[in-house]
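The block underneath contains the structure these notes are about, expressed in structure tokens.
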Amino acid sequence: MGDSVVRALDGVSFEIHKGEFCAIVGTSGSGKSTLLNMLAGLERPTKGEVVINGSHIEKMREDELVRFRRENVGFIFQSFHLIGTMNALENVALPLMFRGEAPRERLKKANRLLTIVGLDRHKKHMPNQMSGGQQQRVGVARALVSDPDIIFADEPTGNLDSRTSEDVMRLMREVVREQGRTLVMVTHDDHLAEYADRVFHIIDGRIVKIDVNTTETSDGGERA
Amino acid sequence: MRWSDLLRMSAGSLKRRKLRAFLTILGVVIGTASIVVMISLGLGLQQSMYEQMELDGGTTGLTVTGKSDDGMVYSDSTNTSGEEETSQYITDETIEEFKTLEYVKSADPVLTVSAIALKGKYEGNFQLYGTTAEAMERMNLELEPGGRLPDPDSPELELLFGNMVLVDFYEKGTGSGYWDTGELPDIDLEKDRIFVILDQDSYYQTQESPDMGAAGTVEDGAGGAGGNTVKTPKKYVLGACGVIAGGPDAYNANSYYVLCDIYKLKEYLQKEFRGRSIPGQPTTQSGKPYGRFVYSSVSMQADDMEHVEELAQTIRSLGYDVQTNVEYINGMKKTLGMVQAVLGGIGAVSLLVAAIGIANTMMMAIYERTREIGVMKVIGCSLKNIRQLFLLEAAFIGLIGGIAGNILSFIISAVINVLVPGESLWGTEGNISYIPIWLMLASMGFAVLVGMAAGYFPAVRAMRLSPLAAIRNE
């Protein structure tokens, strides 16, 4: 009788609107990462459905998922995950390369995004020549370059010190607002979650609370 | 992804681990080189065998003879001509007919006639081998310097002596020749003009020489050659236009012949035997010459070695006798195939080892790049592209190894050829290691193929890696 079923997520149901910045907050082991993985189609739910833009993620085969991510999803990782052999520009252009865009086109777009994230002078730098904050800016640019409908960020500031974290968070929020992107961020930090429009608190696989931040008071930058 | 991007990415990842890539490639280099060198030895052997066969009449050649005419100098008209009147003689029409057959590259008439040569105190028998200028051209004869092929437009019959003709000359008085004395007659074939006698019977009759064949005179009478009175045969003073290279010891297919233009020869024969039957020509029942001129045989070339047998069958069904080198060729092919398979197999073992090396390297690369592969999948690199990336990387290893291996084999092959001259091993000239272009291309292609085969399972493994592994934080 030692078998006990562990449910990482149990009865989670919510909707995210277009152009919204959502944060999923919870302690480690709460199931927040599992939730993000399912939203991004990296893990399959045993039951239930995930619908993005009308597409049922949970029914797709792996190659369909990859294509779906390529066309509709941007990703920001905790440990940046830049390709070590490529410079900043090439890293940003990578998702477009997977789409088969011509080098000239994709480098132009990547160039523009690196300017937006404030890395004008680091375009030719390799990842190991940049600080963590700079690397994550490249990561943000890479997530944005393919014009995704939705961006997932998994503890985007987890490997950064608090000052840089604030910078990156501000940048993310600004860019998302300006370009009208939908961003779903997972974090264990309640404070960072205040940048979001809506915050889902998750404990033991259940959403226990949804906070709605009004735009003015949620400006964490001024509080720091 | 674009092909250019795929290529650049996989080449780039190969550059990342230079030493490891180098060692893996080295394995392929050795594997490729051993296969190429081994096969080149087999091909060298094949080449020398073909050269040997070329001396014996070539691989695509067919010799067609008529059914009844066995090429004897004297025709037994009384017994056979009755039923053989409709048999298959080789006439000009026959040649034309053969030329229209499938697979035929060329068909040329051949007329062989025995003749006697006189020069000073020497006398010799030889076979005049008349054929067309084109056929002689095709024989690729190697002549002594200054020689040329007989000119069909020359006013007199020009002779091209085989390099061993003189061996059959003997002194008139003693009857001793090269085989007895070990010395060649003192005749310079290239410069000296010699007497040639076409009408041998008359010659022997006038000579009444004791050393001539008794059968000759008897049959001559029975054959009813035109003139009843013995007539002194005409001696033609003829000069040579060339001598086949090689000297008295180097045998080749034409060593014992004296080549000349067939139409000229025909003209001479018809003039010499005017009103009589020409020796070797079939006669009608009454002993009169057959209406058309009949050749001894047809020398044919098939367009390809593979078609020789088929062509031979076709001609046999037309009622002719055909001789080819097919039996010999087939036996030789079988031997060669076996030798080459064994040699190639030895080489293949080392390429197999290299393939294991490639698979190992690719596996390592995948373990190392698990995270990268995962990230690529998460941000939208299709499964197919990931598999292609790793397959291409393995193919690169194979290609570079194949190219370098070929360069190495060229060096090894050159060294072998310099150190071990061909004569000492196979007995004929030529290199013992021979690398044709197709072998180069095939070995490179094979190396790429082996690389991709070895890289296939690692590539599929990379494709199946869970993207979760990448974003899972360590």
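Just so we're on the same page: first chain in the structure tokens is A, next is B, and so on; residues restart at 1 for each chain, and ligands are numbered from 1 in the order they show up.
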Margin query: At a cut-off of 9 Å, using only C-alpha atoms, what residues contact range 62-67 of chain A? Leave out same-chain residues fewer than 5 positions from it and give the result as a VMD selection string.
Written below: (chain A and resid 40 to 42 57 72) or (chain B and resid 377 to 384)
Would you save the residues from that selection as a CSV table (one decimal), in the first residue's frame, using N, CA and C atoms?
```csv
chain,number,residue,atom,x,y,z
A,40,ALA,N,3.5,25.5,-21.8
A,40,ALA,CA,4.4,25.6,-22.9
A,40,ALA,C,4.5,24.3,-23.7
A,41,GLY,N,3.8,23.3,-23.3
A,41,GLY,CA,3.7,22.0,-24.0
A,41,GLY,C,5.0,21.2,-23.8
A,42,LEU,N,5.7,21.4,-22.8
A,42,LEU,CA,6.9,20.6,-22.5
A,42,LEU,C,6.6,19.3,-21.7
A,57,ILE,N,-3.0,22.4,-26.9
A,57,ILE,CA,-1.6,22.0,-26.8
A,57,ILE,C,-1.5,20.5,-26.4
A,72,ASN,N,4.5,30.5,-32.3
A,72,ASN,CA,3.7,31.3,-31.3
A,72,ASN,C,4.3,31.6,-30.0
B,377,LYS,N,15.2,22.9,-29.0
B,377,LYS,CA,13.9,22.3,-29.2
B,377,LYS,C,12.8,23.3,-28.6
B,378,VAL,N,13.1,23.8,-27.4
B,378,VAL,CA,12.1,24.7,-26.8
B,378,VAL,C,11.9,25.9,-27.6
B,379,ILE,N,13.0,26.5,-28.2
B,379,ILE,CA,12.7,27.7,-29.0
B,379,ILE,C,12.4,27.4,-30.4
B,380,GLY,N,12.2,26.2,-30.7
B,380,GLY,CA,11.5,25.9,-32.0
B,380,GLY,C,12.3,25.3,-33.1
B,381,CYS,N,13.4,24.6,-32.8
B,381,CYS,CA,14.1,23.9,-33.8
B,381,CYS,C,13.4,22.5,-34.0
B,382,SER,N,13.0,22.3,-35.2
B,382,SER,CA,12.2,21.1,-35.5
B,382,SER,C,13.0,19.8,-35.3
B,383,LEU,N,12.3,18.7,-35.0
B,383,LEU,CA,13.0,17.4,-34.7
B,383,LEU,C,13.8,17.0,-35.9
B,384,LYS,N,13.3,17.3,-37.1
B,384,LYS,CA,14.0,16.9,-38.3
B,384,LYS,C,15.3,17.6,-38.4
```
Note to self: With only C-alpha atoms considered, list every residue of chain B at most 10 Å from chain A, as a VMD selection string.
What the structure shows: chain B and resid 1 to 6 9 12 to 13 16 371 to 385 464 466 to 474
Those residues with N, CA and C atoms, as a CSV table (one decimal), in the first residue's frame please?
```csv
chain,number,residue,atom,x,y,z
B,1,MET,N,14.8,25.0,-41.3
B,1,MET,CA,16.1,25.6,-41.4
B,1,MET,C,16.6,25.5,-42.9
B,2,ARG,N,17.4,26.5,-43.2
B,2,ARG,CA,18.0,26.5,-44.5
B,2,ARG,C,19.2,25.5,-44.5
B,3,TRP,N,19.5,25.0,-45.7
B,3,TRP,CA,20.6,24.1,-45.7
B,3,TRP,C,21.9,24.7,-45.4
B,4,SER,N,22.1,26.0,-45.8
B,4,SER,CA,23.3,26.7,-45.5
B,4,SER,C,23.5,26.8,-44.0
B,5,ASP,N,22.4,27.1,-43.3
B,5,ASP,CA,22.5,27.2,-41.9
B,5,ASP,C,22.8,25.9,-41.2
B,6,LEU,N,22.1,24.9,-41.7
B,6,LEU,CA,22.4,23.5,-41.1
B,6,LEU,C,23.9,23.2,-41.3
B,9,MET,N,26.1,25.3,-39.0
B,9,MET,CA,26.0,24.9,-37.6
B,9,MET,C,26.7,23.6,-37.3
B,12,GLY,N,30.3,24.1,-37.5
B,12,GLY,CA,30.8,24.8,-36.3
B,12,GLY,C,30.9,24.0,-35.1
B,13,SER,N,29.9,23.1,-34.9
B,13,SER,CA,30.0,22.3,-33.6
B,13,SER,C,31.2,21.3,-33.7
B,16,ARG,N,34.3,22.9,-32.5
B,16,ARG,CA,34.4,23.2,-31.1
B,16,ARG,C,35.3,22.3,-30.4
B,371,ARG,N,21.8,19.9,-23.1
B,371,ARG,CA,21.2,21.2,-22.7
B,371,ARG,C,20.9,22.0,-24.0
B,372,GLU,N,21.9,22.1,-24.8
B,372,GLU,CA,21.8,22.9,-26.0
B,372,GLU,C,20.7,22.4,-26.9
B,373,ILE,N,20.7,21.1,-27.1
B,373,ILE,CA,19.7,20.4,-27.9
B,373,ILE,C,18.3,20.8,-27.4
B,374,GLY,N,18.2,20.6,-26.0
B,374,GLY,CA,16.9,20.9,-25.4
B,374,GLY,C,16.4,22.3,-25.6
B,375,VAL,N,17.4,23.3,-25.4
B,375,VAL,CA,17.0,24.7,-25.6
B,375,VAL,C,16.6,24.9,-27.1
B,376,MET,N,17.3,24.3,-28.0
B,376,MET,CA,16.9,24.5,-29.4
B,376,MET,C,15.5,24.0,-29.7
B,377,LYS,N,15.2,22.9,-29.0
B,377,LYS,CA,13.9,22.3,-29.2
B,377,LYS,C,12.8,23.3,-28.6
B,378,VAL,N,13.1,23.8,-27.4
B,378,VAL,CA,12.1,24.7,-26.8
B,378,VAL,C,11.9,25.9,-27.6
B,379,ILE,N,13.0,26.5,-28.2
B,379,ILE,CA,12.7,27.7,-29.0
B,379,ILE,C,12.4,27.4,-30.4
B,380,GLY,N,12.2,26.2,-30.7
B,380,GLY,CA,11.5,25.9,-32.0
B,380,GLY,C,12.3,25.3,-33.1
B,381,CYS,N,13.4,24.6,-32.8
B,381,CYS,CA,14.1,23.9,-33.8
B,381,CYS,C,13.4,22.5,-34.0
B,382,SER,N,13.0,22.3,-35.2
B,382,SER,CA,12.2,21.1,-35.5
B,382,SER,C,13.0,19.8,-35.3
B,383,LEU,N,12.3,18.7,-35.0
B,383,LEU,CA,13.0,17.4,-34.7
B,383,LEU,C,13.8,17.0,-35.9
B,384,LYS,N,13.3,17.3,-37.1
B,384,LYS,CA,14.0,16.9,-38.3
B,384,LYS,C,15.3,17.6,-38.4
B,385,ASN,N,15.3,18.9,-38.1
B,385,ASN,CA,16.5,19.7,-38.2
B,385,ASN,C,17.6,19.2,-37.2
B,464,ARG,N,15.2,12.7,-29.9
B,464,ARG,CA,14.2,12.2,-28.9
B,464,ARG,C,14.4,12.8,-27.5
B,466,SER,N,14.4,14.9,-24.3
B,466,SER,CA,13.3,15.7,-23.8
B,466,SER,C,13.8,17.1,-23.6
B,467,PRO,N,13.0,18.1,-24.1
B,467,PRO,CA,13.4,19.5,-24.0
B,467,PRO,C,13.3,19.9,-22.5
B,468,LEU,N,12.6,19.2,-21.7
B,468,LEU,CA,12.5,19.5,-20.3
B,468,LEU,C,13.9,19.5,-19.7
B,469,ALA,N,14.8,18.5,-20.1
B,469,ALA,CA,16.1,18.4,-19.5
B,469,ALA,C,16.8,19.7,-19.6
B,470,ALA,N,16.5,20.5,-20.6
B,470,ALA,CA,17.2,21.8,-20.8
B,470,ALA,C,16.8,22.8,-19.8
B,471,ILE,N,15.5,23.0,-19.6
B,471,ILE,CA,15.1,24.1,-18.8
B,471,ILE,C,15.1,23.8,-17.3
B,472,ARG,N,15.3,22.5,-17.0
B,472,ARG,CA,15.3,22.1,-15.6
B,472,ARG,C,16.5,22.7,-15.0
B,473,ASN,N,16.4,23.3,-13.9
B,473,ASN,CA,17.5,24.0,-13.4
B,473,ASN,C,18.3,23.1,-12.5
B,474,GLU,N,19.6,23.3,-12.7
B,474,GLU,CA,20.5,22.4,-12.0
B,474,GLU,C,20.7,22.8,-10.5
```
Note to self: Measuring between only C-alpha atoms, which one of B:Ser297, B:Thr370, B:Gln47, B:Ser413 shows the shortest distance to Tyr129 in chain B?
What the structure shows: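 Comparing B:Ser297, B:Thr370, B:Gln47, B:Ser413 against Tyr129 in chain B, the winner is B:Ser297.
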Next item on the list: Give the helix (DSSP H, G or I) residues of range 8-218 of chain A, as assigned by DSSP on the backbone, as a PyMOL selection string.
Entry: chain A and resi 32-39+57-59+62-72+88-99+103-116+120-122+127-129+132-145+162-179+190-193
Notebook entry, point to check: Just asking: which residues within range 288-439 of chain B are strand (DSSP E) according to DSSP, as a VMD selection string?
Noted result: chain B and resid 297 to 302 321 to 324
Preceding selection exported with N, CA and C atoms as a JSON list (two decimals), in the first residue's frame:
```json
[["chain", "number", "residue", "atom", "x", "y", "z"],
["B", 297, "SER", "N", 38.31, -14.73, -92.32],
["B", 297, "SER", "CA", 37.53, -14.54, -91.10],
["B", 297, "SER", "C", 37.13, -13.08, -90.98],
["B", 298, "VAL", "N", 36.34, -12.83, -89.97],
["B", 298, "VAL", "CA", 35.99, -11.45, -89.68],
["B", 298, "VAL", "C", 36.52, -11.15, -88.29],
["B", 299, "SER", "N", 37.20, -10.06, -88.17],
["B", 299, "SER", "CA", 37.64, -9.62, -86.86],
["B", 299, "SER", "C", 36.65, -8.58, -86.38],
["B", 300, "MET", "N", 35.94, -8.93, -85.30],
["B", 300, "MET", "CA", 34.90, -8.02, -84.84],
["B", 300, "MET", "C", 35.22, -7.51, -83.45],
["B", 301, "GLN", "N", 34.74, -6.34, -83.18],
["B", 301, "GLN", "CA", 34.84, -5.78, -81.83],
["B", 301, "GLN", "C", 33.44, -5.51, -81.34],
["B", 302, "ALA", "N", 33.15, -6.00, -80.13],
["B", 302, "ALA", "CA", 31.88, -5.65, -79.51],
["B", 302, "ALA", "C", 32.05, -4.32, -78.79],
["B", 321, "ASP", "N", 30.97, -19.74, -87.24],
["B", 321, "ASP", "CA", 31.73, -20.13, -86.07],
["B", 321, "ASP", "C", 32.33, -18.88, -85.42],
["B", 322, "VAL", "N", 32.23, -18.84, -84.12],
["B", 322, "VAL", "CA", 32.74, -17.65, -83.43],
["B", 322, "VAL", "C", 33.70, -18.08, -82.34],
["B", 323, "GLN", "N", 34.79, -17.39, -82.26],
["B", 323, "GLN", "CA", 35.71, -17.61, -81.15],
["B", 323, "GLN", "C", 35.86, -16.31, -80.37],
["B", 324, "THR", "N", 35.76, -16.42, -79.06],
["B", 324, "THR", "CA", 35.93, -15.23, -78.24],
["B", 324, "THR", "C", 36.81, -15.59, -77.06]]
```
Note to self: as a list of chain:residue names, please: the residues near Pro436 in chain B (cut-off 10 Å, only C-alpha atoms, same-chain neighbours under 4 positions excluded).
What the structure shows: B:Val36, B:Ser40, B:Leu43, B:Gly44, B:Met440, B:Leu441
Please save C-alpha atoms of the selected residues as a JSON list (two decimals), in the first residue's frame.
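The resulting file, part.json, is reproduced below:
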```
[["chain", "number", "residue", "atom", "x", "y", "z"],
["B", 36, "VAL", "CA", 41.35, 2.33, -51.27],
["B", 40, "SER", "CA", 43.81, -0.36, -55.86],
["B", 43, "LEU", "CA", 42.60, -3.08, -59.70],
["B", 44, "GLY", "CA", 46.28, -3.01, -60.54],
["B", 440, "MET", "CA", 38.17, 7.90, -55.30],
["B", 441, "LEU", "CA", 34.62, 9.12, -55.58]]
```
Margin query: Quick one: residues within 10 Å of range 144-157 of chain B, only C-alpha atoms, excluding same-chain residues fewer than 6 positions away - as a ChimeraX atom specification?
Written below: /B:132-133,136-137,163,190,236-247,259-265,267-268
Next item on the list: Considering only C-alpha atoms, state which residue in the set B:Ala462, B:Gly405, B:Met38, B:Pro248 is at the smallest distance from Trp179 in chain B.
Entry: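 Using only C-alpha atoms, the shortest distance to Trp179 in chain B belongs to B:Pro248.
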Check: Neighbours of Val28 in chain B within 7 Å (only C-alpha atoms; same-chain residues fewer than 5 positions away dropped), as number ranges by chain?
Finding: B: 351, 354, 398, 401-402
Next item on the list: May I have the residues within 12 Å of Met169 in chain A as a VMD selection string, using only C-alpha atoms and disregarding those fewer than 4 positions away in the same chain?
Entry: chain A and resid 21 23 76 117 133 136 to 137 140 153 155 to 158 160 to 165 173 to 176 183 185 187 191 to 196 219 to 221
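Going from CA of Gly205 in chain A over to CA of Val186 in chain A, you cover 13.7 Å.
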Next item on the list: Tell me, in Å to one decimal, how far CA of Glu15 in chain A is from CA of Asp167 in chain A.
Entry: 28.1 Å
Next item on the list: For CA of Asp199 in chain B and CA of Pro233 in chain B, determine how far apart the two atoms are, in Å to one decimal place.
Entry: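 Atom-to-atom, CA of Asp199 in chain B to CA of Pro233 in chain B, that is 5.8 Å.
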Val138 in chain A: which residues within 7 Å, counting only C-alpha atoms, same-chain residues fewer than 3 positions away excluded, as a PDB file with N, CA and C atoms, in the first residue's frame?
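Everything below was put into around22.pdb:
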```pdb
ATOM      1  N   ALA A  88      25.989  37.466 -29.442  1.00  0.00           N
ATOM      2  CA  ALA A  88      24.673  37.924 -29.004  1.00  0.00           C
ATOM      3  C   ALA A  88      23.688  38.021 -30.162  1.00  0.00           C
ATOM      4  N   VAL A  92      20.218  35.822 -30.726  1.00  0.00           N
ATOM      5  CA  VAL A  92      18.876  36.407 -30.838  1.00  0.00           C
ATOM      6  C   VAL A  92      18.212  35.949 -32.134  1.00  0.00           C
ATOM      7  N   LEU A 114      18.083  43.892 -30.097  1.00  0.00           N
ATOM      8  CA  LEU A 114      19.191  44.121 -29.165  1.00  0.00           C
ATOM      9  C   LEU A 114      19.280  45.600 -28.800  1.00  0.00           C
ATOM     10  N   GLN A 134      23.316  41.084 -18.710  1.00  0.00           N
ATOM     11  CA  GLN A 134      23.381  41.270 -20.163  1.00  0.00           C
ATOM     12  C   GLN A 134      22.922  40.019 -20.884  1.00  0.00           C
ATOM     13  N   GLN A 135      23.350  38.877 -20.355  1.00  0.00           N
ATOM     14  CA  GLN A 135      22.942  37.623 -20.998  1.00  0.00           C
ATOM     15  C   GLN A 135      21.422  37.477 -20.964  1.00  0.00           C
ATOM     16  N   ALA A 141      15.546  39.362 -25.632  1.00  0.00           N
ATOM     17  CA  ALA A 141      15.487  39.717 -27.053  1.00  0.00           C
ATOM     18  C   ALA A 141      15.189  38.491 -27.905  1.00  0.00           C
ATOM     19  N   ARG A 142      15.802  37.350 -27.533  1.00  0.00           N
ATOM     20  CA  ARG A 142      15.583  36.132 -28.295  1.00  0.00           C
ATOM     21  C   ARG A 142      14.122  35.678 -28.206  1.00  0.00           C
TER      22      ARG A 142
END
```
Next item on the list: Name the closest residue to Met49 in chain B among the candidates B:Leu111, B:Leu392, B:Ile432, B:Leu62; distances are taken between atoms, counting only C-alpha atoms.
Entry: B:Ile432
